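> Got model_19.cif for you, mmCIF, N, CA and C atoms:
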data_query
loop_
_atom_site.label_atom_id
_atom_site.label_comp_id
_atom_site.auth_asym_id
_atom_site.auth_seq_id
_atom_site.Cartn_x
_atom_site.Cartn_y
_atom_site.Cartn_z
N MET A 1 -5.03 -30.12 7.47
CA MET A 1 -5.60 -29.29 6.43
C MET A 1 -5.18 -27.84 6.64
N GLU A 2 -4.75 -27.20 5.60
CA GLU A 2 -4.27 -25.82 5.67
C GLU A 2 -5.44 -24.84 5.61
N ALA A 3 -5.42 -23.84 6.49
CA ALA A 3 -6.46 -22.82 6.49
C ALA A 3 -6.24 -21.88 5.31
N ARG A 4 -7.29 -21.65 4.53
CA ARG A 4 -7.20 -20.77 3.38
C ARG A 4 -7.93 -19.47 3.70
N ILE A 5 -7.23 -18.36 3.56
CA ILE A 5 -7.82 -17.06 3.85
C ILE A 5 -7.79 -16.22 2.58
N GLU A 6 -8.96 -15.74 2.18
CA GLU A 6 -9.08 -14.91 0.98
C GLU A 6 -9.53 -13.51 1.39
N PRO A 7 -8.63 -12.50 1.35
CA PRO A 7 -9.00 -11.14 1.75
C PRO A 7 -10.11 -10.57 0.87
N GLN A 8 -11.06 -9.88 1.49
CA GLN A 8 -12.17 -9.25 0.76
C GLN A 8 -12.05 -7.72 0.82
N LYS A 9 -11.91 -7.17 2.03
CA LYS A 9 -11.83 -5.71 2.22
C LYS A 9 -10.79 -5.40 3.28
N LEU A 10 -10.19 -4.22 3.16
CA LEU A 10 -9.22 -3.75 4.13
C LEU A 10 -9.60 -2.34 4.53
N GLY A 11 -9.59 -2.07 5.81
CA GLY A 11 -9.94 -0.74 6.30
C GLY A 11 -9.14 -0.39 7.53
N ILE A 12 -9.39 0.81 8.05
CA ILE A 12 -8.68 1.27 9.24
C ILE A 12 -9.68 1.79 10.27
N ARG A 13 -9.23 1.78 11.52
CA ARG A 13 -9.96 2.40 12.62
C ARG A 13 -9.03 3.43 13.22
N ALA A 14 -9.52 4.64 13.42
CA ALA A 14 -8.66 5.73 13.88
C ALA A 14 -8.34 5.66 15.37
N GLN A 15 -9.33 5.39 16.21
CA GLN A 15 -9.08 5.39 17.65
C GLN A 15 -9.62 4.13 18.30
N PRO A 16 -8.83 3.36 18.96
CA PRO A 16 -7.37 3.26 18.85
C PRO A 16 -7.00 2.72 17.48
N PRO A 17 -5.83 3.10 16.97
CA PRO A 17 -5.47 2.73 15.60
C PRO A 17 -5.43 1.23 15.39
N ALA A 18 -6.09 0.80 14.31
CA ALA A 18 -6.12 -0.62 13.98
C ALA A 18 -6.38 -0.80 12.49
N LEU A 19 -5.91 -1.91 11.99
CA LEU A 19 -6.16 -2.33 10.62
C LEU A 19 -7.26 -3.39 10.70
N ILE A 20 -8.29 -3.25 9.86
CA ILE A 20 -9.41 -4.18 9.90
C ILE A 20 -9.46 -4.92 8.58
N LEU A 21 -9.43 -6.23 8.67
CA LEU A 21 -9.46 -7.09 7.48
C LEU A 21 -10.73 -7.92 7.49
N ILE A 22 -11.49 -7.85 6.42
CA ILE A 22 -12.64 -8.73 6.23
C ILE A 22 -12.20 -9.76 5.22
N TYR A 23 -12.32 -11.03 5.59
CA TYR A 23 -11.83 -12.11 4.74
C TYR A 23 -12.80 -13.28 4.73
N ARG A 24 -12.61 -14.15 3.76
CA ARG A 24 -13.40 -15.37 3.66
C ARG A 24 -12.47 -16.53 4.02
N ASN A 25 -12.89 -17.36 4.98
CA ASN A 25 -12.04 -18.47 5.41
C ASN A 25 -12.31 -19.72 4.57
N SER A 26 -11.65 -20.81 4.90
CA SER A 26 -11.75 -22.04 4.10
C SER A 26 -13.16 -22.64 4.12
N ASP A 27 -13.96 -22.32 5.12
CA ASP A 27 -15.34 -22.80 5.19
C ASP A 27 -16.27 -21.98 4.31
N GLY A 28 -15.77 -20.86 3.78
CA GLY A 28 -16.60 -19.98 2.97
C GLY A 28 -17.29 -18.90 3.78
N ARG A 29 -17.01 -18.87 5.08
CA ARG A 29 -17.62 -17.86 5.94
C ARG A 29 -16.84 -16.56 5.85
N GLU A 30 -17.57 -15.46 5.97
CA GLU A 30 -16.92 -14.16 6.00
C GLU A 30 -16.62 -13.80 7.45
N ARG A 31 -15.37 -13.42 7.70
CA ARG A 31 -14.91 -13.11 9.06
C ARG A 31 -14.25 -11.74 9.06
N GLN A 32 -14.09 -11.19 10.26
CA GLN A 32 -13.42 -9.91 10.41
C GLN A 32 -12.31 -10.05 11.44
N ARG A 33 -11.15 -9.46 11.14
CA ARG A 33 -10.03 -9.49 12.07
C ARG A 33 -9.57 -8.05 12.28
N THR A 34 -9.50 -7.64 13.54
CA THR A 34 -9.02 -6.32 13.90
C THR A 34 -7.62 -6.47 14.46
N MET A 35 -6.66 -5.78 13.81
CA MET A 35 -5.26 -5.89 14.19
C MET A 35 -4.77 -4.55 14.72
N PRO A 36 -4.53 -4.45 16.03
CA PRO A 36 -4.08 -3.17 16.58
C PRO A 36 -2.72 -2.77 16.01
N ILE A 37 -2.57 -1.48 15.80
CA ILE A 37 -1.31 -0.96 15.26
C ILE A 37 -0.53 -0.32 16.40
N ARG A 38 0.66 -0.84 16.61
CA ARG A 38 1.50 -0.36 17.71
C ARG A 38 2.65 0.45 17.16
N PHE A 39 3.10 1.38 17.95
CA PHE A 39 4.32 2.15 17.68
C PHE A 39 4.24 3.01 16.42
N LEU A 40 3.05 3.45 16.05
CA LEU A 40 2.93 4.36 14.91
C LEU A 40 2.88 5.78 15.45
N ASN A 41 3.91 6.55 15.17
CA ASN A 41 3.91 7.95 15.58
C ASN A 41 4.25 8.83 14.40
N LYS A 42 4.15 10.14 14.60
CA LYS A 42 4.33 11.05 13.47
C LYS A 42 5.77 11.11 12.98
N TYR A 43 6.73 10.62 13.76
CA TYR A 43 8.13 10.67 13.35
C TYR A 43 8.66 9.34 12.83
N GLY A 44 7.98 8.25 13.15
CA GLY A 44 8.45 6.92 12.78
C GLY A 44 8.20 6.60 11.31
N THR A 45 8.82 5.54 10.87
CA THR A 45 8.62 5.12 9.49
C THR A 45 7.51 4.07 9.43
N VAL A 46 6.73 4.15 8.41
CA VAL A 46 5.62 3.24 8.21
C VAL A 46 6.15 1.84 7.87
N GLU A 47 7.30 1.76 7.23
CA GLU A 47 7.86 0.48 6.80
C GLU A 47 8.12 -0.44 8.00
N LYS A 48 8.64 0.13 9.10
CA LYS A 48 8.92 -0.68 10.29
C LYS A 48 7.62 -1.22 10.91
N VAL A 49 6.61 -0.37 10.98
CA VAL A 49 5.33 -0.78 11.54
C VAL A 49 4.69 -1.84 10.65
N LEU A 50 4.79 -1.66 9.33
CA LEU A 50 4.25 -2.62 8.38
C LEU A 50 4.92 -3.99 8.52
N LYS A 51 6.23 -3.99 8.64
CA LYS A 51 6.97 -5.24 8.79
C LYS A 51 6.56 -5.98 10.06
N GLU A 52 6.44 -5.23 11.15
CA GLU A 52 6.05 -5.83 12.43
C GLU A 52 4.62 -6.38 12.36
N LEU A 53 3.74 -5.64 11.70
CA LEU A 53 2.35 -6.05 11.56
C LEU A 53 2.24 -7.33 10.72
N LYS A 54 3.01 -7.39 9.63
CA LYS A 54 3.00 -8.58 8.77
C LYS A 54 3.57 -9.80 9.49
N GLU A 55 4.56 -9.61 10.34
CA GLU A 55 5.12 -10.73 11.11
C GLU A 55 4.11 -11.24 12.13
N ARG A 56 3.41 -10.31 12.79
CA ARG A 56 2.46 -10.66 13.83
C ARG A 56 1.21 -11.35 13.27
N HIS A 57 0.77 -10.93 12.08
CA HIS A 57 -0.46 -11.46 11.49
C HIS A 57 -0.18 -12.07 10.13
N LYS A 58 0.88 -12.85 10.06
CA LYS A 58 1.36 -13.41 8.79
C LYS A 58 0.27 -14.17 8.03
N GLU A 59 -0.44 -15.04 8.72
CA GLU A 59 -1.45 -15.88 8.09
C GLU A 59 -2.55 -15.05 7.41
N HIS A 60 -2.93 -13.94 8.03
CA HIS A 60 -4.03 -13.13 7.51
C HIS A 60 -3.57 -12.11 6.46
N LEU A 61 -2.34 -11.65 6.55
CA LEU A 61 -1.90 -10.56 5.68
C LEU A 61 -1.01 -10.98 4.53
N GLU A 62 -0.74 -12.27 4.36
CA GLU A 62 0.19 -12.68 3.32
C GLU A 62 -0.34 -12.41 1.92
N LYS A 63 -1.66 -12.38 1.72
CA LYS A 63 -2.22 -12.13 0.39
C LYS A 63 -2.63 -10.67 0.19
N VAL A 64 -2.47 -9.83 1.20
CA VAL A 64 -2.81 -8.41 1.08
C VAL A 64 -1.59 -7.67 0.56
N PRO A 65 -1.74 -6.86 -0.50
CA PRO A 65 -0.59 -6.13 -1.04
C PRO A 65 0.01 -5.15 -0.03
N ASP A 66 1.33 -5.12 0.04
CA ASP A 66 2.03 -4.22 0.96
C ASP A 66 1.68 -2.77 0.68
N LEU A 67 1.56 -2.41 -0.57
CA LEU A 67 1.27 -1.03 -0.95
C LEU A 67 -0.05 -0.57 -0.35
N ARG A 68 -1.02 -1.44 -0.36
CA ARG A 68 -2.33 -1.10 0.19
C ARG A 68 -2.25 -0.85 1.70
N MET A 69 -1.53 -1.72 2.40
CA MET A 69 -1.38 -1.55 3.85
C MET A 69 -0.56 -0.31 4.16
N GLU A 70 0.46 -0.05 3.34
CA GLU A 70 1.29 1.14 3.54
C GLU A 70 0.45 2.41 3.44
N LYS A 71 -0.44 2.47 2.47
CA LYS A 71 -1.32 3.63 2.33
C LYS A 71 -2.20 3.80 3.57
N MET A 72 -2.76 2.71 4.05
CA MET A 72 -3.64 2.76 5.22
C MET A 72 -2.88 3.27 6.45
N LEU A 73 -1.67 2.77 6.63
CA LEU A 73 -0.86 3.20 7.78
C LEU A 73 -0.49 4.68 7.66
N ARG A 74 -0.18 5.13 6.46
CA ARG A 74 0.14 6.54 6.27
C ARG A 74 -1.06 7.43 6.53
N ILE A 75 -2.26 6.96 6.18
CA ILE A 75 -3.48 7.72 6.47
C ILE A 75 -3.68 7.83 7.98
N LEU A 76 -3.38 6.77 8.72
CA LEU A 76 -3.49 6.82 10.18
C LEU A 76 -2.43 7.71 10.81
N GLN A 77 -1.29 7.85 10.16
CA GLN A 77 -0.19 8.64 10.70
C GLN A 77 -0.43 10.15 10.54
N GLU A 78 -1.14 10.55 9.50
CA GLU A 78 -1.35 11.97 9.20
C GLU A 78 -2.08 12.75 10.29
N PRO A 79 -3.16 12.24 10.91
CA PRO A 79 -3.82 13.02 11.96
C PRO A 79 -2.90 13.33 13.15
N GLN A 80 -1.88 12.51 13.36
CA GLN A 80 -0.93 12.78 14.43
C GLN A 80 -0.09 14.01 14.11
N LYS A 81 -0.05 14.38 12.84
CA LYS A 81 0.68 15.57 12.40
C LYS A 81 -0.23 16.79 12.34
N GLY A 82 -1.49 16.64 12.79
CA GLY A 82 -2.41 17.77 12.83
C GLY A 82 -3.30 17.90 11.62
N ARG A 83 -3.40 16.89 10.78
CA ARG A 83 -4.25 16.94 9.60
C ARG A 83 -5.50 16.10 9.82
N SER A 84 -6.57 16.44 9.09
CA SER A 84 -7.79 15.64 9.19
C SER A 84 -7.65 14.39 8.31
N ILE A 85 -8.55 13.46 8.49
CA ILE A 85 -8.52 12.23 7.70
C ILE A 85 -8.74 12.54 6.22
N ASP A 86 -9.66 13.48 5.92
CA ASP A 86 -9.92 13.84 4.52
C ASP A 86 -8.68 14.43 3.86
N GLU A 87 -7.98 15.31 4.58
CA GLU A 87 -6.74 15.89 4.06
C GLU A 87 -5.69 14.78 3.86
N ALA A 88 -5.64 13.87 4.79
CA ALA A 88 -4.66 12.78 4.71
C ALA A 88 -4.91 11.93 3.47
N VAL A 89 -6.17 11.59 3.21
CA VAL A 89 -6.49 10.76 2.06
C VAL A 89 -6.10 11.46 0.76
N SER A 90 -6.40 12.75 0.65
CA SER A 90 -6.05 13.46 -0.60
C SER A 90 -4.54 13.61 -0.74
N ASN A 91 -3.82 13.88 0.35
CA ASN A 91 -2.35 14.00 0.28
C ASN A 91 -1.69 12.68 -0.09
N ILE A 92 -2.15 11.61 0.49
CA ILE A 92 -1.56 10.30 0.23
C ILE A 92 -1.84 9.89 -1.22
N SER A 93 -3.05 10.17 -1.70
CA SER A 93 -3.38 9.84 -3.09
C SER A 93 -2.45 10.55 -4.06
N LYS A 94 -2.13 11.80 -3.77
CA LYS A 94 -1.21 12.57 -4.63
C LYS A 94 0.18 11.94 -4.64
N ASP A 95 0.58 11.37 -3.52
CA ASP A 95 1.91 10.76 -3.44
C ASP A 95 2.05 9.53 -4.33
N TYR A 96 0.96 8.82 -4.57
CA TYR A 96 1.03 7.57 -5.32
C TYR A 96 0.58 7.69 -6.77
N ASP A 97 -0.25 8.68 -7.08
CA ASP A 97 -0.78 8.80 -8.43
C ASP A 97 0.19 9.54 -9.34
N LEU A 98 0.22 9.14 -10.59
CA LEU A 98 1.08 9.78 -11.58
C LEU A 98 0.33 10.91 -12.27
N ASP A 99 0.96 12.07 -12.32
CA ASP A 99 0.43 13.21 -13.05
C ASP A 99 1.29 13.38 -14.30
N PRO A 100 0.70 13.35 -15.49
CA PRO A 100 1.51 13.43 -16.71
C PRO A 100 2.29 14.74 -16.84
N ASN A 101 1.87 15.77 -16.13
CA ASN A 101 2.56 17.06 -16.21
C ASN A 101 3.63 17.23 -15.14
N GLN A 102 3.75 16.27 -14.25
CA GLN A 102 4.72 16.36 -13.16
C GLN A 102 6.11 15.94 -13.63
N ASP A 103 7.12 16.72 -13.22
CA ASP A 103 8.51 16.40 -13.56
C ASP A 103 9.04 15.43 -12.51
N LEU A 104 9.19 14.16 -12.88
CA LEU A 104 9.63 13.13 -11.93
C LEU A 104 11.10 13.29 -11.56
N ASN A 105 11.85 14.06 -12.33
CA ASN A 105 13.26 14.29 -12.00
C ASN A 105 13.42 15.16 -10.76
N LYS A 106 12.39 15.88 -10.38
CA LYS A 106 12.47 16.76 -9.21
C LYS A 106 12.06 16.08 -7.91
N LEU A 107 11.65 14.81 -7.99
CA LEU A 107 11.24 14.08 -6.79
C LEU A 107 12.45 13.47 -6.10
N ASN A 108 12.35 13.33 -4.77
CA ASN A 108 13.42 12.62 -4.07
C ASN A 108 13.22 11.12 -4.25
N ASP A 109 14.18 10.33 -3.83
CA ASP A 109 14.15 8.88 -4.07
C ASP A 109 12.92 8.21 -3.45
N GLU A 110 12.56 8.62 -2.24
CA GLU A 110 11.42 8.00 -1.56
C GLU A 110 10.12 8.26 -2.33
N GLN A 111 9.90 9.49 -2.76
CA GLN A 111 8.69 9.82 -3.51
C GLN A 111 8.64 9.09 -4.85
N LEU A 112 9.78 9.03 -5.52
CA LEU A 112 9.85 8.36 -6.81
C LEU A 112 9.57 6.86 -6.67
N ASN A 113 10.13 6.23 -5.65
CA ASN A 113 9.90 4.80 -5.43
C ASN A 113 8.43 4.51 -5.13
N ARG A 114 7.75 5.43 -4.40
CA ARG A 114 6.33 5.26 -4.11
C ARG A 114 5.52 5.23 -5.41
N LYS A 115 5.81 6.18 -6.29
CA LYS A 115 5.09 6.25 -7.56
C LYS A 115 5.39 5.05 -8.44
N LYS A 116 6.64 4.58 -8.43
CA LYS A 116 7.01 3.41 -9.22
C LYS A 116 6.28 2.16 -8.71
N LYS A 117 6.26 2.01 -7.38
CA LYS A 117 5.64 0.83 -6.78
C LYS A 117 4.15 0.77 -7.09
N LYS A 118 3.48 1.91 -7.06
CA LYS A 118 2.05 1.97 -7.31
C LYS A 118 1.72 1.65 -8.75
N ASN A 119 2.55 2.07 -9.69
CA ASN A 119 2.24 1.96 -11.10
C ASN A 119 2.98 0.84 -11.81
N GLN A 120 3.57 -0.06 -11.04
CA GLN A 120 4.34 -1.17 -11.60
C GLN A 120 3.40 -2.25 -12.13
N LEU A 121 3.70 -2.75 -13.33
CA LEU A 121 2.95 -3.87 -13.89
C LEU A 121 3.68 -5.16 -13.58
N LYS A 122 2.94 -6.17 -13.15
CA LYS A 122 3.52 -7.47 -12.81
C LYS A 122 2.92 -8.53 -13.71
N PRO A 123 3.58 -9.68 -13.84
CA PRO A 123 3.00 -10.76 -14.64
C PRO A 123 1.58 -11.09 -14.15
N GLY A 124 0.68 -11.20 -15.09
CA GLY A 124 -0.71 -11.46 -14.75
C GLY A 124 -1.57 -10.21 -14.78
N ASP A 125 -0.96 -9.02 -14.71
CA ASP A 125 -1.70 -7.77 -14.78
C ASP A 125 -2.11 -7.50 -16.23
N PRO A 126 -3.28 -6.88 -16.45
CA PRO A 126 -3.63 -6.53 -17.83
C PRO A 126 -2.65 -5.48 -18.36
N GLY A 127 -2.21 -5.64 -19.56
CA GLY A 127 -1.27 -4.69 -20.15
C GLY A 127 0.19 -5.06 -19.91
N TYR A 128 0.45 -6.13 -19.14
CA TYR A 128 1.83 -6.54 -18.88
C TYR A 128 2.42 -7.16 -20.15
N GLU A 129 3.64 -6.77 -20.46
CA GLU A 129 4.32 -7.32 -21.63
C GLU A 129 5.74 -7.67 -21.22
N TYR A 130 6.11 -8.93 -21.41
CA TYR A 130 7.44 -9.40 -21.06
C TYR A 130 8.46 -8.85 -22.06
N ASP A 131 9.56 -8.34 -21.56
CA ASP A 131 10.67 -7.85 -22.37
C ASP A 131 10.21 -6.81 -23.40
N LYS A 132 9.54 -5.80 -22.91
CA LYS A 132 9.05 -4.73 -23.79
C LYS A 132 10.24 -3.87 -24.21
N GLN A 133 10.33 -3.61 -25.49
CA GLN A 133 11.42 -2.79 -26.03
C GLN A 133 10.81 -1.62 -26.78
N VAL A 134 11.31 -0.42 -26.49
CA VAL A 134 10.81 0.79 -27.12
C VAL A 134 11.99 1.51 -27.76
N ASP A 135 11.83 1.94 -28.99
CA ASP A 135 12.87 2.69 -29.69
C ASP A 135 12.69 4.17 -29.34
N LEU A 136 13.64 4.74 -28.63
CA LEU A 136 13.55 6.12 -28.18
C LEU A 136 14.39 7.09 -29.03
N THR A 137 14.90 6.64 -30.12
CA THR A 137 15.69 7.52 -30.96
C THR A 137 14.77 8.50 -31.68
N LEU A 138 15.23 9.70 -31.84
CA LEU A 138 14.47 10.72 -32.55
C LEU A 138 14.72 10.60 -34.03
N GLN A 139 13.67 10.72 -34.77
CA GLN A 139 13.82 10.66 -36.22
C GLN A 139 14.03 12.08 -36.74
N ARG A 140 15.01 12.24 -37.60
CA ARG A 140 15.29 13.55 -38.18
C ARG A 140 14.60 13.68 -39.52
N ARG A 141 14.20 14.84 -39.82
CA ARG A 141 13.55 15.11 -41.10
C ARG A 141 14.50 15.76 -42.05
#
Step by step, read the file and then write its structure as structure tokens.


Amino acid sequence: MEARIEPQKLGIRAQPPALILIYRNSDGRERQRTMPIRFLNKYGTVEKVLKELKERHKEHLEKVPDLRMEKMLRILQEPQKGRSIDEAVSNISKDYDLDPNQDLNKLNDEQLNRKKKKNQLKPGDPGYEYDKQVDLTLQRR
């Protein structure tokens, strides 16, 4: 029989750094798993740490969105750069949220990809439309 894990909540612990997952197992019981985060420093990339974490805890993290874990890891990385957790949360939120007045042409590739990933619609999401076509031609008067 295959173990079924349904994630409920995801959180972080600052010291020592860890990702905390509260999930419901196949018996219907609520459980907690604390996954220590290794090799996260202020100069390293979060993607490498995320990949290693997903390989180590594959069974528990396969249904957790990568974007969510990436945000958590970035929040843990910010205090190592001398910022508080509150500052980290507000800075990270700005990186992922779309501002209608922001010129996206001025962003570098990494920042643009972050915003795209956060705001991407996938099949099954409300508002998703397959093969959406928009006429962008200007009408002259």

> Which protein, DNA or RNA residues are at most 8 Å from (-2.8, 9.0, 1.3) in the file's coordinates when you count all atoms listed in the file, listed as an MDAnalysis selection string?

chainID A and resid 70:72 74:76 87:96

> Could you spell out the hits of the PyMOL selection byres (((chain A and resi 33-39 and name CA) around 10) and name CA) on the shown file, as a VMD selection string?

chain A and resid 10 to 13 15 to 23 31 to 32 40 to 42 44 to 46 48 to 50 52 to 53 56 to 57 60 73 76

> Suppose you want the space between CA of Asn119 (chain A) and atom C of Asp135 (chain A); what is it in Å?

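Atom C of Asp135 (chain A) lies at a distance of 21.1 Å from CA of Asn119 (chain A).
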
> Go ahead and compute the interatomic distance for CA of Arg68 (chain A) and CA of Lys51 (chain A), in Å to one decimal.

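Computed distance, CA of Arg68 (chain A) to CA of Lys51 (chain A), equals 13.3 Å.
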
> Can you tell me how far atom C of Gln77 (chain A) sits from atom C of Pro65 (chain A), in Å to one decimal?

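Atom C of Gln77 (chain A) sits 18.6 Å away from atom C of Pro65 (chain A).
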
> Name all residues at most 8 Å from Lys63 (chain A) (count all atoms listed in the file; drop same-chain ones fewer than 5 positions away) and give them as an MDAnalysis selection string.

chainID A and resid 5:7 58

> Could you give me the residues within region 93-125 of chain A that DSSP places in helix (DSSP H, G or I), as number ranges by chain?

A: 93-96, 104-106, 109-118

> With 6 Å on each side, where is the centre of the axis-aligned box around all listed atoms of region 109-125 of chain A, and how long are its edges in Å to one decimal, as lines of an AutoDock Vina configuration file?


center_x = 6.0
center_y = -0.6
center_z = -8.9
size_x = 28.3
size_y = 33.8
size_z = 26.7

> Nearest residue to Val64 (chain A) out of A:Leu107, A:Arg83, A:Gln8, A:Gly28, using only C-alpha atoms?

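Going through A:Leu107, A:Arg83, A:Gln8, A:Gly28 one by one, the smallest distance to Val64 (chain A) is for A:Gln8.
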